[in-house]
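Heads up, upload.cif below (mmCIF, C-alpha atoms and all ligand atoms):
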data_query
loop_
_atom_site.label_atom_id
_atom_site.label_comp_id
_atom_site.auth_asym_id
_atom_site.auth_seq_id
_atom_site.Cartn_x
_atom_site.Cartn_y
_atom_site.Cartn_z
CA MET A 1199 0.00 0.00 0.00
CA GLU A 1200 1.17 3.54 -0.75
CA ARG A 1201 1.28 6.66 1.35
CA ILE A 1202 -0.52 9.13 -0.90
CA ALA A 1203 -0.80 12.91 -0.55
CA ILE A 1204 -3.92 14.42 -2.11
CA VAL A 1205 -3.02 18.02 -2.91
CA GLY A 1206 -6.23 20.02 -3.30
CA SER A 1207 -9.10 18.45 -1.38
CA GLY A 1208 -12.18 19.67 -3.22
CA VAL A 1209 -14.61 17.61 -5.29
CA VAL A 1210 -11.99 15.56 -7.14
CA GLY A 1211 -9.46 15.44 -4.28
CA LYS A 1212 -12.00 14.23 -1.72
CA ALA A 1213 -13.48 11.60 -4.03
CA THR A 1214 -9.99 10.37 -4.92
CA GLY A 1215 -8.58 10.41 -1.39
CA LYS A 1216 -11.60 8.85 0.29
CA GLY A 1217 -11.74 6.17 -2.42
CA LEU A 1218 -8.04 5.35 -2.10
CA SER A 1219 -8.38 5.29 1.66
CA LYS A 1220 -11.19 2.71 1.29
CA LEU A 1221 -8.81 0.63 -0.82
CA GLY A 1222 -6.40 0.59 2.12
CA HIS A 1223 -3.90 3.29 1.15
CA ASP A 1224 -2.53 5.66 3.74
CA VAL A 1225 -4.00 8.95 2.53
CA VAL A 1226 -3.13 12.42 3.73
CA PHE A 1227 -5.13 15.36 2.43
CA VAL A 1228 -3.48 18.72 1.78
CA ASP A 1229 -5.41 21.93 1.28
CA THR A 1230 -4.73 25.63 1.59
CA ASP A 1231 -8.20 26.19 3.08
CA PRO A 1232 -8.29 25.58 6.86
CA ASN A 1233 -12.07 24.92 6.76
CA VAL A 1234 -11.57 22.10 4.29
CA ARG A 1235 -8.83 20.59 6.47
CA GLN A 1236 -10.99 20.92 9.57
CA ARG A 1237 -13.97 19.17 7.94
CA LEU A 1238 -11.81 16.29 6.79
CA ASP A 1239 -10.25 16.08 10.21
CA HIS A 1240 -13.72 15.81 11.78
CA GLU A 1241 -14.54 13.00 9.40
CA GLY A 1242 -11.49 11.14 10.70
CA TYR A 1243 -9.06 11.78 7.83
CA LYS A 1244 -5.54 13.16 8.06
CA ALA A 1245 -5.51 16.68 6.65
CA VAL A 1246 -2.50 18.99 6.76
CA GLU A 1247 -0.96 22.12 5.33
CA ALA A 1248 1.60 21.65 2.58
CA ASP A 1249 4.43 22.50 4.96
CA ALA A 1250 3.69 19.40 7.02
CA LEU A 1251 4.14 17.07 4.05
CA ALA A 1252 7.89 16.79 4.54
CA GLN A 1253 7.31 14.88 7.79
CA VAL A 1254 4.58 12.71 6.23
CA ARG A 1255 6.92 11.56 3.43
CA PRO A 1256 4.36 10.32 0.91
CA SER A 1257 5.54 8.11 -1.94
CA MET A 1258 2.96 9.56 -4.29
CA SER A 1259 1.18 12.91 -4.70
CA MET A 1260 -2.04 13.38 -6.57
CA ILE A 1261 -2.66 16.99 -7.56
CA CYS A 1262 -6.33 17.94 -7.64
CA VAL A 1263 -6.16 21.74 -7.41
CA PRO A 1264 -8.48 24.00 -9.45
CA THR A 1265 -7.55 25.00 -12.99
CA PRO A 1266 -10.07 27.79 -13.64
CA ASN A 1267 -10.12 30.19 -16.55
CA ASP A 1268 -8.89 33.76 -16.29
CA HIS A 1269 -11.02 36.74 -17.32
CA LEU A 1270 -10.09 36.12 -20.97
CA GLY A 1271 -11.23 32.50 -20.81
CA ARG A 1272 -7.68 31.11 -20.82
CA GLN A 1273 -6.57 28.40 -18.44
CA ASP A 1274 -5.09 29.86 -15.25
CA LEU A 1275 -2.39 27.60 -13.80
CA THR A 1276 -1.65 29.68 -10.68
CA SER A 1277 -2.93 27.06 -8.19
CA LEU A 1278 -1.22 24.25 -10.06
CA GLU A 1279 2.09 26.13 -10.09
CA ALA A 1280 1.80 26.75 -6.34
CA ALA A 1281 1.08 23.06 -5.72
CA LEU A 1282 4.01 22.01 -7.90
CA ALA A 1283 6.36 24.26 -5.94
CA GLU A 1284 5.09 22.72 -2.68
CA ILE A 1285 5.52 19.16 -3.92
CA GLY A 1286 8.85 19.92 -5.59
CA ARG A 1287 10.25 20.80 -2.18
CA LEU A 1288 9.43 17.23 -1.09
CA LEU A 1289 11.39 15.74 -3.90
CA PRO A 1290 15.09 16.39 -3.46
CA PRO A 1291 16.77 13.41 -5.20
CA GLU A 1292 18.06 12.06 -1.85
CA ALA A 1293 14.41 11.71 -0.59
CA GLY A 1294 13.87 8.71 -2.89
CA TYR A 1295 11.60 8.12 -5.86
CA HIS A 1296 8.20 9.85 -5.78
CA LEU A 1297 5.33 9.74 -8.25
CA VAL A 1298 3.46 12.94 -9.07
CA VAL A 1299 0.02 12.40 -10.59
CA ILE A 1300 -1.86 15.26 -12.21
CA ARG A 1301 -5.58 14.76 -11.67
CA CYS A 1302 -6.62 18.30 -12.60
CA THR A 1303 -7.83 19.07 -16.07
CA VAL A 1304 -4.90 20.61 -17.95
CA LEU A 1305 -4.52 21.53 -21.62
CA PRO A 1306 -2.33 19.44 -23.93
CA MET A 1307 1.41 19.90 -23.26
CA VAL A 1308 0.96 21.35 -19.74
CA SER A 1309 2.50 18.24 -18.13
CA GLU A 1310 5.55 18.44 -20.36
CA GLN A 1311 5.95 22.19 -20.62
CA CYS A 1312 4.86 23.30 -17.14
CA VAL A 1313 4.60 20.41 -14.65
CA ILE A 1314 7.93 18.70 -15.32
CA PRO A 1315 10.06 21.89 -15.54
CA ALA A 1316 8.43 23.25 -12.35
CA LEU A 1317 9.08 20.02 -10.43
CA GLU A 1318 12.67 19.80 -11.69
CA HIS A 1319 13.25 23.41 -10.75
CA ALA A 1320 11.79 23.07 -7.24
CA SER A 1321 13.42 19.72 -6.44
CA GLY A 1322 16.76 19.91 -8.23
CA GLY A 1323 16.01 16.39 -9.48
CA ARG A 1324 15.28 14.93 -12.92
CA ALA A 1325 11.90 13.63 -14.12
CA GLY A 1326 12.12 9.96 -15.04
CA ARG A 1327 15.16 9.44 -12.83
CA ASP A 1328 14.31 10.94 -9.43
CA PHE A 1329 10.55 11.19 -9.76
CA GLY A 1330 7.82 9.97 -12.05
CA VAL A 1331 4.90 11.86 -13.61
CA CYS A 1332 1.47 10.66 -14.71
CA MET A 1333 -1.51 12.55 -16.07
CA ASN A 1334 -4.61 10.74 -14.87
CA PRO A 1335 -7.76 12.62 -15.94
CA GLU A 1336 -10.88 12.30 -13.84
CA PHE A 1337 -14.29 11.74 -15.47
CA LEU A 1338 -16.46 11.80 -12.34
CA ARG A 1339 -19.68 13.76 -12.09
CA GLU A 1340 -19.80 16.35 -9.33
CA ALA A 1341 -23.14 15.19 -7.87
CA THR A 1342 -21.99 11.58 -7.51
CA ALA A 1343 -18.25 12.17 -7.20
CA GLU A 1344 -17.32 9.63 -4.53
CA ASP A 1345 -19.40 6.84 -6.01
CA ASP A 1346 -18.13 7.57 -9.53
CA PHE A 1347 -14.52 7.37 -8.34
CA LEU A 1348 -15.21 3.93 -6.87
CA HIS A 1349 -16.97 2.72 -10.05
CA PRO A 1350 -14.97 4.12 -12.97
CA ARG A 1351 -15.95 3.18 -16.49
CA LEU A 1352 -12.42 3.80 -17.74
CA VAL A 1353 -9.07 4.67 -16.16
CA VAL A 1354 -6.66 6.57 -18.41
CA ILE A 1355 -3.04 6.73 -17.31
CA GLY A 1356 -0.86 9.13 -19.28
CA GLN A 1357 2.68 8.24 -18.32
CA LEU A 1358 6.04 9.92 -18.60
CA ASP A 1359 7.66 6.51 -18.63
CA ARG A 1360 6.85 2.88 -17.85
CA ARG A 1361 7.92 3.09 -14.20
CA SER A 1362 5.48 5.96 -13.52
CA GLY A 1363 2.60 4.16 -15.23
CA ASP A 1364 3.34 0.83 -13.50
CA LEU A 1365 3.15 2.49 -10.07
CA LEU A 1366 -0.16 4.19 -10.76
CA GLU A 1367 -1.64 1.11 -12.42
CA LYS A 1368 -0.84 -0.86 -9.26
CA VAL A 1369 -2.95 1.62 -7.25
CA TYR A 1370 -5.95 1.33 -9.60
CA LYS A 1371 -5.76 -2.42 -10.25
CA PRO A 1372 -7.92 -3.64 -7.33
CA LEU A 1373 -10.62 -1.06 -8.08
CA CYS A 1374 -10.63 -1.90 -11.78
CA ARG A 1375 -10.67 -5.63 -11.09
CA GLN A 1376 -13.77 -5.21 -8.88
CA ASN A 1377 -15.58 -3.17 -11.55
CA ASP A 1378 -14.22 -4.88 -14.66
CA THR A 1379 -12.91 -1.47 -15.74
CA PRO A 1380 -10.29 -1.16 -18.48
CA ILE A 1381 -7.05 0.66 -17.64
CA VAL A 1382 -5.53 2.33 -20.68
CA ARG A 1383 -1.91 3.49 -20.66
CA THR A 1384 -0.90 6.29 -22.97
CA ASP A 1385 1.44 9.29 -23.09
CA LEU A 1386 0.98 12.50 -21.12
CA ARG A 1387 -0.38 14.69 -23.88
CA THR A 1388 -2.87 12.09 -25.12
CA ALA A 1389 -4.31 11.81 -21.59
CA GLU A 1390 -4.61 15.61 -21.42
CA MET A 1391 -6.37 15.69 -24.80
CA VAL A 1392 -8.71 12.83 -23.83
CA LYS A 1393 -10.09 14.85 -20.90
CA TYR A 1394 -10.78 17.97 -22.98
CA THR A 1395 -12.21 15.93 -25.83
CA HIS A 1396 -14.46 14.08 -23.39
CA ASN A 1397 -15.91 17.37 -22.18
CA LEU A 1398 -16.10 18.85 -25.67
CA PHE A 1399 -17.86 15.71 -26.87
CA ASN A 1400 -20.50 16.14 -24.20
CA ALA A 1401 -20.76 19.87 -24.95
CA ALA A 1402 -21.11 19.19 -28.69
CA LYS A 1403 -23.84 16.63 -28.02
CA ILE A 1404 -25.70 19.13 -25.85
CA SER A 1405 -25.31 21.83 -28.52
CA PHE A 1406 -26.60 19.42 -31.13
CA ALA A 1407 -29.60 18.48 -28.99
CA ASN A 1408 -30.35 22.16 -28.43
CA GLU A 1409 -30.15 22.90 -32.14
CA ILE A 1410 -32.47 20.01 -32.96
CA TRP A 1411 -34.84 21.08 -30.19
CA LEU A 1412 -35.05 24.62 -31.63
CA LEU A 1413 -35.42 23.40 -35.20
CA SER A 1414 -38.11 20.89 -34.15
CA ARG A 1415 -39.99 23.65 -32.33
CA GLU A 1416 -39.90 25.70 -35.54
CA LEU A 1417 -41.48 22.74 -37.33
CA GLY A 1418 -44.07 22.12 -34.60
CA ILE A 1419 -42.36 18.87 -33.56
CA GLY A 1420 -41.46 17.83 -30.00
CA GLY A 1421 -37.66 18.06 -29.92
CA ASN A 1422 -37.29 16.24 -26.63
CA GLN A 1423 -38.93 13.14 -28.00
CA VAL A 1424 -36.86 13.35 -31.19
CA MET A 1425 -33.59 13.47 -29.22
CA ALA A 1426 -34.68 10.77 -26.79
CA LEU A 1427 -35.40 8.42 -29.68
CA VAL A 1428 -32.17 9.37 -31.48
CA ALA A 1429 -30.18 8.75 -28.31
CA ALA A 1430 -31.80 5.32 -28.07
CA SER A 1431 -30.96 4.48 -31.70
CA ALA A 1432 -27.72 6.29 -32.59
CA GLU A 1433 -25.98 6.13 -29.20
CA GLY A 1434 -26.44 2.39 -29.09
CA MET A 1435 -24.97 1.78 -32.57
CA TRP A 1436 -24.23 -1.83 -33.41
CA ASN A 1437 -20.61 -0.86 -34.06
CA PRO A 1438 -19.31 1.06 -31.02
CA ARG A 1439 -16.36 2.35 -33.08
CA TYR A 1440 -18.69 4.04 -35.53
CA GLY A 1441 -17.69 7.65 -35.95
CA THR A 1442 -14.55 7.39 -33.85
CA ARG A 1443 -11.95 7.25 -36.64
CA GLY A 1444 -10.49 10.44 -38.10
CA GLY A 1445 -10.40 11.05 -41.85
CA SER A 1446 -12.85 8.78 -43.53
CA PRO A 1447 -16.01 7.73 -41.71
CA TYR A 1448 -18.28 10.41 -43.21
CA ASP A 1449 -19.24 8.27 -46.13
CA GLY A 1450 -21.62 5.63 -47.37
CA SER A 1451 -24.95 5.93 -49.17
CA CYS A 1452 -26.83 7.76 -46.39
CA LEU A 1453 -24.82 10.28 -44.31
CA PRO A 1454 -23.64 12.82 -46.94
CA LYS A 1455 -26.96 12.55 -48.83
CA ASP A 1456 -29.22 12.99 -45.81
CA VAL A 1457 -27.20 15.75 -44.13
CA ALA A 1458 -27.12 17.73 -47.42
CA ALA A 1459 -30.88 17.29 -47.86
CA LEU A 1460 -31.65 18.39 -44.30
CA ALA A 1461 -29.25 21.37 -44.65
CA ASN A 1462 -31.03 22.52 -47.83
CA PHE A 1463 -34.45 21.96 -46.25
CA VAL A 1464 -33.41 24.17 -43.31
CA ARG A 1465 -31.86 26.84 -45.56
CA ASP A 1466 -35.12 26.94 -47.56
CA MET A 1467 -36.91 27.69 -44.28
CA ASP A 1468 -34.60 30.69 -43.92
CA TYR A 1469 -33.56 29.22 -40.60
CA SER A 1470 -30.03 29.08 -39.17
CA ALA A 1471 -28.68 25.70 -37.97
CA PRO A 1472 -24.96 26.18 -37.40
CA MET A 1473 -24.23 22.60 -36.27
CA ILE A 1474 -25.70 21.21 -39.47
CA GLU A 1475 -23.71 23.71 -41.57
CA ALA A 1476 -20.54 22.94 -39.59
CA THR A 1477 -21.08 19.23 -40.15
CA LEU A 1478 -21.04 19.81 -43.90
CA GLN A 1479 -18.03 22.15 -43.75
CA ILE A 1480 -15.91 19.96 -41.50
CA ASN A 1481 -16.53 16.84 -43.53
CA GLU A 1482 -15.89 18.61 -46.84
N1 LIG B 1501 -15.65 19.14 -10.12
C1 LIG B 1501 -15.71 18.20 -11.05
O1 LIG B 1501 -16.77 17.60 -11.28
C2 LIG B 1501 -14.47 17.82 -11.82
C3 LIG B 1501 -14.49 16.63 -12.58
C4 LIG B 1501 -13.35 16.25 -13.28
C5 LIG B 1501 -12.23 17.08 -13.24
N2 LIG B 1501 -12.24 18.24 -12.54
C6 LIG B 1501 -10.99 19.03 -12.51
O2 LIG B 1501 -10.30 18.70 -11.30
C7 LIG B 1501 -9.60 19.86 -10.80
C8 LIG B 1501 -10.09 20.16 -9.39
O3 LIG B 1501 -11.45 20.48 -9.45
P1 LIG B 1501 -12.39 20.45 -8.16
O4 LIG B 1501 -13.78 20.59 -8.68
O5 LIG B 1501 -12.04 19.32 -7.28
O6 LIG B 1501 -11.96 21.82 -7.48
P2 LIG B 1501 -12.49 22.39 -6.05
O7 LIG B 1501 -12.57 23.85 -6.20
O8 LIG B 1501 -13.68 21.62 -5.59
O9 LIG B 1501 -11.30 22.01 -5.05
C9 LIG B 1501 -10.00 22.46 -5.18
C10 LIG B 1501 -9.36 22.50 -3.80
O10 LIG B 1501 -7.97 22.82 -3.97
C11 LIG B 1501 -7.58 23.69 -2.91
N3 LIG B 1501 -6.35 24.37 -3.33
C12 LIG B 1501 -6.21 25.42 -4.18
N4 LIG B 1501 -4.90 25.70 -4.35
C13 LIG B 1501 -4.19 24.79 -3.62
C14 LIG B 1501 -2.80 24.57 -3.39
N5 LIG B 1501 -1.89 25.30 -4.00
N6 LIG B 1501 -2.44 23.58 -2.55
C15 LIG B 1501 -3.38 22.82 -1.93
N7 LIG B 1501 -4.72 22.99 -2.11
C16 LIG B 1501 -5.11 23.95 -2.95
C17 LIG B 1501 -8.80 24.58 -2.69
O11 LIG B 1501 -8.78 25.16 -1.40
C18 LIG B 1501 -9.94 23.57 -2.87
O12 LIG B 1501 -10.34 22.97 -1.65
C19 LIG B 1501 -9.86 20.97 -11.81
O13 LIG B 1501 -8.83 20.95 -12.76
C20 LIG B 1501 -11.17 20.55 -12.46
O14 LIG B 1501 -11.31 21.09 -13.76
C21 LIG B 1501 -13.33 18.61 -11.81
#
Could you render the structure as structure tokens?
Amino acid sequence: MERIAIVGSGVVGKATGKGLSKLGHDVVFVDTDPNVRQRLDHEGYKAVEADALAQVRPSMSMICVPTPNDHLGRQDLTSLEAALAEIGRLLPPEAGYHLVVIRCTVLPMVSEQCVIPALEHASGGRAGRDFGVCMNPEFLREATAEDDFLHPRLVVIGQLDRRSGDLLEKVYKPLCRQNDTPIVRTDLRTAEMVKYTHNLFNAAKISFANEIWLLSRELGIGGNQVMALVAASAEGMWNPRYGTRGGSPYDGSCLPKDVAALANFVRDMDYSAPMIEATLQINE
């Protein structure tokens, strides 16, 4: 069992730490907010300030701090940078090998261009030699966070190197065995991209449903029923890989024909349906 520091004990941190604690790991929560630490303490968990981590000597840190957007809508890494500086101080090469796991949602290349340089700078050590790095995106839903952590549908481990990924896989193995959940190992930037694409995929589906709902309303049709029936048919396609390959799947005797016909039908109504137009443009 590992001694694991959860750095940032909000929705994701609590679900992760409480879940790992249930699996038998020795978990210590870290948070800058004293109220958060106090609540966890009352629940019987160890919760400390970052400064106390040096005495705790965890073998692994999981970073779950916020990555909000700034006022221009760009990702703000201030909390992540602060957490990396705190953890980096734990990692002087003589302290032994340590695995740093990024659980926050970070844009592609952040692990390589921000996380690793910051940890090397703060610790004086070298990634891959003195410490490992994984990017392990979280797909939980806020309302059911703790339960979702314990019943994942997929675990994605973006790894700097094999040693990092092996260590994290060992932590997830019992959970994934219980739930029959696949563990997929990939590189850091793919794991980062998977998380954003996952959210964009959901956002695009919602946008599509909203567009269909509006268009249906224009036609005097109940859009909710249309989307419910489409979700039942298209989401449960016989081939689960359908539409997941880049380059060529927009083909066959039906898709281009039917999308073009619907696009022209909508244009003739003098109605704007940007998702339908974008579908044509992107696939052209
Ligand atoms: N909330 C979700 O449903 C969800 C799901 C998947 C991924 N995510 C991602 O996970 C990350 C964390 O999100 P969250 O919802 O758990 O955030 P949150 O706001 O609930 O919790 C973050 C916690 O980190 C603490 N913190 C901030 N800076 C810190 C520091 N330097 N050191 C220690 N603690 C610090 C805060 O006090 C807070 O308690 C974000 O990148 C988010 O996008 C969130």
Rows by chain and residue number, chain A within 7 Å of ligand LIG 1501 (chain B), shortest pair, only C-alpha atoms and all ligand atoms, as a tab-separated table:
residue	atom	partner	partner_atom	distance
A:Val1205	CA	B:LIG1501	C15	4.9
A:Gly1206	CA	B:LIG1501	O10	3.4
A:Ser1207	CA	B:LIG1501	O12	4.7
A:Gly1208	CA	B:LIG1501	O9	3.1
A:Val1209	CA	B:LIG1501	O5	3.7
A:Val1210	CA	B:LIG1501	O5	3.8
A:Gly1211	CA	B:LIG1501	O5	5.5
A:Val1228	CA	B:LIG1501	C15	5.5
A:Asp1229	CA	B:LIG1501	N7	3.6
A:Thr1230	CA	B:LIG1501	N7	4.5
A:Asp1231	CA	B:LIG1501	O11	4.6
A:Val1234	CA	B:LIG1501	O12	6.1
A:Ala1248	CA	B:LIG1501	N6	6.8
A:Cys1262	CA	B:LIG1501	C8	4.7
A:Val1263	CA	B:LIG1501	O10	4.0
A:Pro1264	CA	B:LIG1501	C19	4.1
A:Thr1265	CA	B:LIG1501	O13	4.3
A:Pro1266	CA	B:LIG1501	O14	6.8
A:Ser1277	CA	B:LIG1501	N4	4.5
A:Leu1278	CA	B:LIG1501	N5	6.2
A:Ala1280	CA	B:LIG1501	N5	4.6
A:Ala1281	CA	B:LIG1501	N5	4.1
A:Arg1301	CA	B:LIG1501	O2	6.2
A:Cys1302	CA	B:LIG1501	O13	3.5
A:Thr1303	CA	B:LIG1501	O13	3.9
A:Val1304	CA	B:LIG1501	O13	6.5
A:Pro1335	CA	B:LIG1501	C5	6.9
A:Glu1336	CA	B:LIG1501	C4	4.7
A:Phe1337	CA	B:LIG1501	C4	5.1
A:Leu1338	CA	B:LIG1501	C3	5.2
A:Arg1339	CA	B:LIG1501	O1	4.9
A:Glu1340	CA	B:LIG1501	O1	3.8
A:Ala1343	CA	B:LIG1501	O1	7.0
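Atom pair atom CA of A:Ala1432 / atom CA of A:Glu1390 has a distance of 27.3 Å (rounded to one decimal).
The shortest atom-to-atom distance to A:Arg1255, with all atoms listed in the file taken into account, belongs to A:Asp1224 out of A:Glu1279, A:Asp1378, A:Asp1468, A:Asp1224.
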Determine, counting only C-alpha atoms, which protein, DNA and RNA residues have an atom within 12 Å of an atom of stretch 1415-1426 of chain A; residues of the same chain fewer than 6 positions away are not included. Present the result as a compact mmCIF listing (two decimals) with C-alpha atoms, keeping the file's coordinate frame.
# COMPACT_ATOMS: atom_id res chain seq x y z
CA LYS A 1403 -23.84 16.63 -28.02
CA ILE A 1404 -25.70 19.13 -25.85
CA SER A 1405 -25.31 21.83 -28.52
CA PHE A 1406 -26.60 19.42 -31.13
CA ALA A 1407 -29.60 18.48 -28.99
CA ASN A 1408 -30.35 22.16 -28.43
CA GLU A 1409 -30.15 22.90 -32.14
CA ALA A 1432 -27.72 6.29 -32.59
CA GLU A 1433 -25.98 6.13 -29.20
CA GLY A 1434 -26.44 2.39 -29.09
CA PHE A 1463 -34.45 21.96 -46.25
CA VAL A 1464 -33.41 24.17 -43.31
CA MET A 1467 -36.91 27.69 -44.28
CA ASP A 1468 -34.60 30.69 -43.92
CA TYR A 1469 -33.56 29.22 -40.60
CA SER A 1470 -30.03 29.08 -39.17
CA ALA A 1471 -28.68 25.70 -37.97
Exercise for review: Excluding A:Gly1323 and residues on its chain fewer than 5 positions from it, collect all residues at most 7 Å away from it, counting only C-alpha atoms, and give them as a PyMOL selection string.
Suggested key: chain A and resi 1290-1291+1318+1328
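The spacing separating atom CA of A:Glu1344 from atom CA of A:Gly1217 amounts to 6.9 Å.
Across the model, the gap from atom CA of A:Tyr1243 to atom CA of A:Cys1374 is 24.0 Å.
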Review point. Which residue, A:Pro1380, A:Pro1350, A:Gly1330, A:Gly1242, has the smallest gap to A:Thr1214 when you use all atoms listed in the file?
Key: A:Pro1350
Practice item. Up to 8 Å from (-7.5, 10.7, -2.1) in the file's coordinates: name the residues, counting only C-alpha atoms, as a ChimeraX atom specification. Key: /A:1202-1204,1207,1211-1219,1225-1227,1260
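You can rank A:Leu1358, A:Leu1427, A:Val1353, A:Met1473 by their closest distance to A:Lys1371 using all atoms listed in the file, and at the top of that list sits A:Val1353.
The protein and nucleic acid residues lying at most 9 Å from A:Ala1458 are A:Leu1453, A:Pro1454, A:Asn1462, A:Phe1463, A:Ile1474, A:Leu1478, with only C-alpha atoms considered and sequence neighbours fewer than 4 positions away removed.
The nearest approach to A:Lys1220 among the residues A:Pro1306, A:Gly1363, A:Leu1373, A:Ile1285, with all atoms listed in the file taken into account, belongs to A:Leu1373.
With all atoms listed in the file as the atoms that count, the residue of A:Arg1443, A:Arg1387, A:Arg1287, A:Arg1375 with the shortest distance to A:Ala1252 is A:Arg1287.
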Practice item. Select, from A:Gly1294, A:Gly1450, A:Glu1284, A:Val1369, the residue with the minimum atom-to-atom distance to A:Gly1222, counting all atoms listed in the file. Key: A:Val1369
